[in-house]
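Here is the file start_23.txt (compact mmCIF, C-alpha atoms).
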# COMPACT_ATOMS: atom_id res chain seq x y z
CA MET A 1 -19.58 -27.71 -50.03
CA TYR A 2 -16.01 -26.52 -50.36
CA GLY A 3 -17.09 -22.96 -49.64
CA ARG A 4 -18.84 -24.04 -46.48
CA LEU A 5 -15.81 -26.01 -45.33
CA HIS A 6 -13.58 -23.07 -46.12
CA ILE A 7 -15.72 -20.77 -43.98
CA TYR A 8 -15.81 -23.37 -41.22
CA PHE A 9 -12.02 -23.66 -41.08
CA VAL A 10 -11.60 -19.88 -41.17
CA LEU A 11 -14.00 -19.50 -38.25
CA LEU A 12 -12.27 -22.32 -36.37
CA PHE A 13 -8.89 -20.68 -36.93
CA VAL A 14 -10.18 -17.34 -35.64
CA PHE A 15 -11.68 -19.03 -32.59
CA LEU A 16 -8.46 -20.87 -31.79
CA LEU A 17 -6.46 -17.71 -32.29
CA ALA A 18 -8.71 -15.84 -29.92
CA SER A 19 -8.51 -18.66 -27.40
CA CYS A 20 -4.72 -18.63 -27.53
CA GLY A 21 -4.73 -14.86 -27.08
CA ASP A 22 -6.79 -15.19 -23.89
CA ASP A 23 -3.96 -17.19 -22.31
CA ASP A 24 -1.65 -14.22 -22.81
CA HIS A 25 -3.51 -11.95 -20.40
CA PHE A 26 -6.14 -11.75 -17.71
CA GLU A 27 -9.17 -9.49 -17.84
CA VAL A 28 -10.82 -7.69 -14.93
CA SER A 29 -14.25 -6.13 -15.36
CA GLY A 30 -17.04 -5.08 -13.09
CA THR A 31 -19.10 -2.40 -11.48
CA ILE A 32 -18.62 0.07 -8.63
CA GLU A 33 -21.39 0.68 -6.15
CA GLY A 34 -22.84 4.17 -6.55
CA ASN A 35 -22.08 4.13 -10.30
CA PRO A 36 -19.31 6.77 -10.16
CA THR A 37 -17.37 8.12 -13.12
CA PHE A 38 -13.68 8.60 -12.31
CA ASN A 39 -10.19 7.37 -13.09
CA MET A 40 -9.02 4.16 -11.43
CA ARG A 41 -5.57 2.73 -10.77
CA PHE A 42 -4.36 -0.85 -10.52
CA HIS A 43 -1.06 -2.44 -9.51
CA TYR A 44 0.37 -5.94 -9.51
CA TYR A 45 3.84 -7.46 -9.30
CA GLY A 46 4.74 -10.11 -11.85
CA ASP A 47 7.63 -11.24 -14.04
CA GLY A 48 10.09 -9.33 -11.86
CA ALA A 49 8.49 -5.91 -12.19
CA LEU A 50 5.76 -3.74 -10.71
CA HIS A 51 3.01 -3.15 -13.26
CA SER A 52 0.79 -0.08 -12.89
CA GLY A 53 -2.10 1.08 -15.00
CA ILE A 54 -4.90 3.63 -15.18
CA THR A 55 -8.39 2.91 -16.44
CA ALA A 56 -11.74 4.62 -16.06
CA SER A 57 -15.04 3.86 -14.46
CA ARG A 58 -17.90 5.18 -16.56
CA GLU A 59 -21.12 5.26 -14.61
CA GLY A 60 -19.76 2.49 -12.44
CA LYS A 61 -18.53 0.15 -15.18
CA PHE A 62 -14.86 -0.61 -15.84
CA LEU A 63 -12.54 -3.06 -17.61
CA PHE A 64 -8.79 -3.52 -17.77
CA ARG A 65 -6.30 -6.22 -18.75
CA GLY A 66 -2.98 -7.37 -17.41
CA SER A 67 -0.43 -10.04 -18.16
CA SER A 68 1.99 -12.13 -16.12
CA SER A 69 3.46 -15.57 -16.57
CA GLN A 70 2.94 -16.01 -12.82
CA PRO A 71 -0.27 -15.66 -10.80
CA VAL A 72 -0.53 -12.17 -9.33
CA MET A 73 -2.34 -10.22 -6.64
CA VAL A 74 -3.99 -7.15 -8.16
CA ASP A 75 -4.80 -4.08 -6.07
CA ILE A 76 -7.47 -1.71 -7.41
CA TYR A 77 -7.59 1.91 -6.22
CA ASP A 78 -9.60 5.01 -6.94
CA ASN A 79 -7.75 8.00 -8.37
CA ASP A 80 -6.64 9.11 -4.89
CA TYR A 81 -5.08 5.70 -4.15
CA ARG A 82 -7.83 4.55 -1.79
CA LEU A 83 -8.04 0.78 -2.00
CA MET A 84 -11.30 -0.53 -3.47
CA GLY A 85 -10.44 -4.18 -3.87
CA ARG A 86 -7.80 -6.89 -4.09
CA LEU A 87 -7.96 -10.05 -6.22
CA TYR A 88 -6.04 -13.05 -7.52
CA ALA A 89 -5.48 -13.45 -11.26
CA ARG A 90 -3.71 -15.72 -13.77
CA ASN A 91 -3.36 -15.34 -17.50
CA GLY A 92 -6.55 -16.70 -19.06
CA ASP A 93 -8.76 -15.59 -16.16
CA GLU A 94 -11.80 -13.40 -16.67
CA ILE A 95 -12.44 -11.76 -13.31
CA GLU A 96 -15.76 -10.12 -12.47
CA CYS A 97 -15.92 -7.64 -9.59
CA VAL A 98 -18.40 -5.60 -7.65
CA LEU A 99 -16.37 -2.95 -5.81
CA ASP A 100 -17.46 -1.17 -2.64
CA PRO A 101 -15.54 2.15 -2.33
CA GLY A 102 -16.60 2.43 1.31
CA ASN A 103 -15.04 -0.86 2.41
CA PRO A 104 -12.81 -2.92 0.08
CA TYR A 105 -13.52 -6.02 2.16
CA LYS A 106 -17.16 -5.87 1.09
CA SER A 107 -16.15 -6.05 -2.58
CA THR A 108 -16.77 -9.34 -4.40
CA PHE A 109 -14.69 -11.23 -6.98
CA LYS A 110 -15.39 -14.14 -9.31
CA GLY A 111 -13.37 -15.93 -11.97
CA ASN A 112 -11.37 -18.57 -10.14
CA GLU A 113 -11.49 -20.68 -6.99
CA VAL A 114 -9.01 -18.50 -5.09
CA ASN A 115 -11.22 -15.46 -5.55
CA ARG A 116 -14.23 -17.45 -4.38
CA ARG A 117 -12.48 -18.33 -1.09
CA TRP A 118 -11.04 -14.84 -0.77
CA THR A 119 -14.43 -13.19 -1.25
CA SER A 120 -16.13 -15.55 1.17
CA PHE A 121 -13.66 -14.77 3.97
CA ILE A 122 -13.32 -11.00 3.54
CA ASN A 123 -17.07 -10.46 3.15
CA ALA A 124 -17.79 -12.45 6.31
CA ASN A 125 -15.21 -10.41 8.26
CA ALA A 126 -15.37 -7.05 6.47
CA ASP A 127 -15.93 -4.85 9.51
CA VAL A 128 -13.02 -6.37 11.47
CA LEU A 129 -10.58 -6.34 8.54
CA TYR A 130 -11.43 -2.74 7.67
CA ARG A 131 -10.07 -1.59 11.06
CA PRO A 132 -6.41 -2.68 11.18
CA GLY A 133 -5.44 -3.70 14.67
CA SER A 134 -5.19 -6.55 17.13
CA ASP A 135 -8.62 -8.01 16.28
CA ALA A 136 -7.87 -8.12 12.56
CA ASN A 137 -4.41 -9.56 13.24
CA ARG A 138 -5.83 -12.36 15.38
CA LEU A 139 -8.41 -13.16 12.73
CA ILE A 140 -5.75 -13.38 10.03
CA ALA A 141 -3.34 -15.34 12.21
CA ASP A 142 -6.05 -17.92 12.91
CA TYR A 143 -6.82 -18.28 9.20
CA VAL A 144 -3.14 -18.68 8.30
CA ALA A 145 -2.61 -21.30 11.02
CA GLU A 146 -5.56 -23.33 9.74
CA ASN A 147 -4.86 -22.83 6.02
CA LYS A 148 -1.08 -22.99 5.54
CA SER A 149 -1.36 -24.21 1.95
CA ASP A 150 -3.94 -21.65 0.84
CA ILE A 151 -2.71 -18.63 -1.11
CA VAL A 152 -5.60 -16.68 0.43
CA SER A 153 -3.53 -16.85 3.64
CA THR A 154 -0.69 -15.10 1.85
CA MET A 155 -3.00 -12.43 0.45
CA LEU A 156 -4.37 -11.73 3.92
CA LEU A 157 -0.95 -11.65 5.53
CA ILE A 158 0.82 -9.34 3.10
CA GLY A 159 -2.19 -7.17 2.33
CA SER A 160 -4.15 -6.89 5.59
CA PHE A 161 -2.02 -7.98 8.57
CA ASP A 162 -0.74 -4.97 10.57
CA ALA A 163 2.88 -6.08 10.84
CA SER A 164 3.84 -2.82 12.53
CA ARG A 165 2.15 -4.07 15.72
CA ASP A 166 4.14 -7.30 15.87
CA MET A 167 6.96 -7.82 13.39
CA ALA A 168 7.93 -11.15 14.96
CA ALA A 169 4.39 -12.49 14.54
CA ALA A 170 4.31 -11.38 10.91
CA ASP A 171 7.58 -13.15 10.20
CA SER A 172 6.42 -16.28 12.05
CA LEU A 173 3.20 -16.42 10.01
CA LEU A 174 5.14 -15.95 6.79
CA GLN A 175 7.45 -18.85 7.61
CA MET A 176 4.43 -20.97 8.52
CA LEU A 177 3.08 -20.85 4.96
CA ALA A 178 3.64 -23.87 2.72
CA PRO A 179 5.90 -23.27 -0.32
CA GLU A 180 2.99 -23.56 -2.75
CA ALA A 181 1.11 -20.82 -0.90
CA ARG A 182 3.95 -18.28 -1.01
CA PRO A 183 5.11 -17.69 -4.60
CA ALA A 184 8.16 -15.46 -4.84
CA ASN A 185 6.41 -12.62 -6.66
CA PHE A 186 3.92 -12.42 -3.79
CA VAL A 187 6.28 -12.45 -0.82
CA GLU A 188 9.66 -11.06 -1.95
CA GLY A 189 8.75 -7.45 -1.20
CA TYR A 190 7.12 -8.38 2.09
CA GLU A 191 10.14 -10.36 3.23
CA TYR A 192 12.36 -7.39 2.39
CA LEU A 193 10.08 -5.07 4.36
CA LEU A 194 10.16 -7.31 7.43
CA GLN A 195 13.94 -7.54 7.31
CA ARG A 196 14.30 -3.78 6.82
CA VAL A 197 11.91 -2.67 9.54
CA ALA A 198 12.93 -5.25 12.11
CA GLY A 199 16.63 -4.96 11.35
CA LYS A 200 19.20 -3.32 13.58
CA GLU A 201 19.79 -0.54 11.04
CA ALA A 202 16.36 0.95 11.72
CA MET A 203 17.37 1.68 15.32
CA GLN A 204 20.67 3.33 14.44
CA PRO A 205 21.12 7.10 14.93
CA VAL A 206 19.31 9.35 12.46
CA LEU A 207 21.71 10.67 9.84
CA PRO A 208 21.41 13.76 7.65
CA MET A 209 18.86 13.29 4.87
CA THR A 210 18.26 15.15 1.63
CA PHE A 211 14.90 15.49 -0.11
CA ALA A 212 12.76 17.83 -2.22
CA ASP A 213 10.88 20.56 -0.39
CA SER A 214 7.57 22.19 -1.34
CA ARG A 215 9.38 24.61 -3.68
CA ASP A 216 11.05 21.75 -5.55
CA SER A 217 14.42 22.64 -4.04
CA LEU A 218 16.72 20.10 -2.43
CA ARG A 219 16.94 20.49 1.34
CA THR A 220 19.15 18.67 3.81
CA PHE A 221 18.06 17.93 7.35
CA ASN A 222 20.84 17.45 9.91
CA PRO A 223 19.87 16.47 13.46
CA ARG A 224 22.94 18.22 14.88
CA ARG A 225 21.44 21.62 14.12
CA SER A 226 18.83 21.33 16.87
CA ARG A 227 18.70 20.08 20.45
CA MET A 228 15.69 17.89 19.60
CA ASN A 229 14.25 16.60 16.33
CA LEU A 230 10.78 15.38 15.39
CA ILE A 231 10.39 13.43 12.16
CA VAL A 232 6.83 12.90 10.97
CA VAL A 233 6.20 10.45 8.11
CA SER A 234 2.65 10.57 6.73
CA ASP A 235 0.49 10.86 3.64
CA ARG A 236 -2.72 12.66 2.71
CA SER A 237 -4.80 9.81 4.16
CA SER A 238 -3.16 9.96 7.60
CA GLY A 239 -5.60 12.41 9.20
CA ARG A 240 -3.09 15.21 8.80
CA GLN A 241 -5.50 18.14 8.87
CA ASP A 242 -7.39 16.91 11.91
CA SER A 243 -4.52 15.94 14.18
CA ILE A 244 -0.97 16.18 12.86
CA VAL A 245 -0.91 19.66 11.34
CA PRO A 246 -2.54 21.43 14.34
CA GLU A 247 0.00 19.79 16.66
CA LEU A 248 2.91 20.78 14.43
CA ARG A 249 1.66 24.38 14.44
CA ARG A 250 1.55 24.34 18.24
CA LEU A 251 5.04 22.86 18.50
CA ARG A 252 6.49 25.38 16.08
CA LYS A 253 5.15 28.25 18.23
CA ALA A 254 6.34 26.65 21.45
CA TYR A 255 9.91 25.82 20.37
CA SER A 256 12.56 27.69 18.45
CA ASP A 257 14.31 26.07 15.48
CA SER A 258 17.42 25.51 17.58
CA SER A 259 15.36 23.79 20.27
CA LEU A 260 13.25 21.63 17.99
CA SER A 261 13.65 20.82 14.32
CA ILE A 262 10.51 19.43 12.63
CA VAL A 263 10.65 17.34 9.45
CA ASP A 264 7.23 16.65 7.91
CA PHE A 265 7.93 13.99 5.27
CA SER A 266 5.25 12.78 2.84
CA THR A 267 4.93 9.38 1.21
CA ASP A 268 2.16 10.48 -1.19
CA ALA A 269 2.28 8.81 -4.59
CA ASP A 270 3.42 11.90 -6.48
CA THR A 271 4.29 15.55 -5.91
CA ALA A 272 0.95 16.81 -7.26
CA LEU A 273 -1.00 14.84 -4.63
CA TRP A 274 1.44 15.93 -1.94
CA LYS A 275 1.31 19.63 -2.77
CA GLN A 276 -2.47 19.50 -2.91
CA SER A 277 -2.59 17.88 0.53
CA ILE A 278 -0.31 20.51 2.15
CA SER A 279 -1.75 23.55 0.37
CA ARG A 280 -3.68 24.67 3.49
CA ASP A 281 -0.97 23.91 6.04
CA SER A 282 0.71 27.36 6.10
CA ALA A 283 3.68 25.40 7.38
CA THR A 284 6.53 27.15 9.17
CA TRP A 285 8.39 23.86 9.49
CA LEU A 286 10.30 21.82 6.93
CA GLN A 287 8.11 19.76 4.60
CA GLY A 288 9.56 17.23 2.18
CA TRP A 289 8.71 14.46 -0.25
CA GLY A 290 10.49 11.56 -1.90
CA ALA A 291 9.57 9.08 -4.61
CA ALA A 292 9.13 5.39 -3.70
CA SER A 293 7.00 5.96 -0.61
CA LEU A 294 8.50 4.26 2.48
CA ALA A 295 11.45 3.12 0.39
CA ALA A 296 12.36 6.71 -0.52
CA PRO A 297 16.15 7.17 -0.17
CA ALA A 298 15.79 9.92 2.45
CA ILE A 299 13.89 7.74 4.95
CA ARG A 300 14.58 4.18 3.81
CA ARG A 301 17.23 3.66 6.48
CA LEU A 302 14.72 4.58 9.23
CA GLY A 303 12.70 1.41 8.61
CA VAL A 304 9.30 3.11 8.85
CA PRO A 305 6.69 0.31 8.72
CA SER A 306 3.59 2.37 7.86
CA VAL A 307 2.11 5.85 8.15
CA PRO A 308 1.61 7.94 10.13
CA TYR A 309 4.85 7.31 12.02
CA PHE A 310 6.86 9.50 14.41
CA ILE A 311 10.51 9.55 15.42
CA VAL A 312 12.05 11.77 18.09
CA ALA A 313 15.84 12.07 18.09
CA ASP A 314 18.37 14.19 19.98
CA SER A 315 21.15 16.28 18.47
CA THR A 316 23.38 13.21 18.02
CA GLY A 317 20.64 11.46 16.04
CA ARG A 318 19.95 8.98 18.85
CA GLN A 319 16.36 7.80 18.60
CA ILE A 320 14.47 8.47 21.83
CA TYR A 321 11.05 7.51 20.56
CA ARG A 322 9.75 5.78 17.44
CA GLY A 323 6.17 4.66 16.98
CA PHE A 324 2.64 5.40 15.85
CA SER A 325 1.55 7.77 18.60
CA LEU A 326 1.74 11.50 17.95
CA ARG A 327 0.78 12.08 21.58
CA GLN A 328 3.73 10.03 22.85
CA ALA A 329 6.11 11.69 20.40
CA VAL A 330 5.04 15.16 21.59
CA ALA A 331 5.29 14.06 25.22
CA THR A 332 8.84 12.82 24.55
CA VAL A 333 9.79 16.21 23.12
CA GLY A 334 8.35 17.91 26.19
CA LYS A 335 10.39 15.80 28.60
CA LYS A 336 13.73 16.76 27.07
Render the structure in this file as structure tokens.
Amino acid sequence: MYGRLHIYFVLLFVFLLASCGDDDHFEVSGTIEGNPTFNMRFHYYGDGALHSGITASREGKFLFRGSSSQPVMVDIYDNDYRLMGRLYARNGDEIECVLDPGNPYKSTFKGNEVNRRWTSFINANADVLYRPGSDANRLIADYVAENKSDIVSTMLLIGSFDASRDMAAADSLLQMLAPEARPANFVEGYEYLLQRVAGKEAMQPVLPMTFADSRDSLRTFNPRRSRMNLIVVSDRSSGRQDSIVPELRRLRKAYSDSSLSIVDFSTDADTALWKQSISRDSATWLQGWGAASLAAPAIRRLGVPSVPYFIVADSTGRQIYRGFSLRQAVATVGKK
């Protein structure tokens, strides 16, 4: 009898220990449609720091763990940083996913009530949300207005609302959220971005900027060296090869360096991805890269909201055009 009791208490202790351990982390597992085998990346912000990790999908199956004393929003990417899904997690949660690499808004998530509501909304509106623009913004704005206390509203706003189209609307929607729906670790970065992009500093004259070029040398761009300046901020997913690079080639042939200086700045996640993306450019213009994406020191002051983005400035650094249209940027150059 004693032996049986002893075994019982040992098993109970192990069970309780395991149960306590579950509260120290969250677990995300699932499958990927198409059953691919590749490396995956995940990011979340919690406990005052950005947490990043790499895991692997083996024939479409994956598993990873994270930990945060606060609830977090987890973004899941493929190896090339294409978003495959976004979810809500707390320590103790066991999240199950089915990821759709073709459209992250068709991915599904289980494991808590927030993910149930999140999945229901994004699946029902996947085609609209997948195309950022006025339709998606209206859809999100309507949801936020009707669900001010729902953290799903926050996830939609900071992850899917195209704030570059209407910074004032983005800020208004953020302020509309109830305190319980906007935890600090969710919205701090977004609030900073809104303040930076919409602030007066972003419209100030372009100053000299220093960054690494494709040969890993430090280069300094100074707008005073040319009559006109075109700054292009993009990444490998910006349609560079189809639209941006051909136009930059044409501009470089049409204008001398003293007439037009071209800065082609990349926000790719690392230099390896960047160099791979520009390997076929045969660029005769200045190409550069900086760590920290849009917060890179070289371009941070410009307040670029998203990519691709274009700025045209004169020799004094005065900004003549800033926006998302390559066509308008080129037209501005041609008028001067």
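Proximity to Asn137 (chain A) was assessed for A:Ser120, A:Gln287, A:Ser160, A:Thr31 counting only C-alpha atoms; the smallest distance is recorded for A:Ser160.
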Neighbour residues at most 6 Å from (-5.2, -13.3, -8.9) (all atoms listed in the file) as a PyMOL selection string: chain A and resi 71-73+87-90
Closest of A:Ile151, A:Val28, A:Ile158, A:Ala145 to Glu180 (chain A) - atom-to-atom distances counting only C-alpha atoms: A:Ile151
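Taking CA of Gly66 (chain A) and CA of Gly53 (chain A) as endpoints, the distance between them is 8.8 Å.
Around Leu230 (chain A), within 8 Å and counting only C-alpha atoms, the residues found are A:Leu260, A:Ser261, A:Ile262, A:Val263, A:Phe310, A:Ile311, A:Val312, A:Ala313, A:Ala329, A:Val333, once anything fewer than 4 positions away on its own chain is removed.
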Shortest interatomic distance to Ile320 (chain A) - which of A:Phe186, A:Ser234, A:Asp93, A:Lys335, counting only C-alpha atoms: A:Lys335
Separation of CA of Glu59 (chain A) from CA of Tyr130 (chain A), in Å and rounded to one decimal: 25.6 Å
Length of the CA of Ser217 (chain A) to CA of Ser279 (chain A) vector [Å]: 16.8 Å
For Ala163 (chain A): contacts at 12 Å, all atoms listed in the file, fewer than 4 positions along chain excluded, given as a ChimeraX atom specification: /A:132-134,136-138,140-141,156-159,167-174,190-191,193-195,197-198,304-306
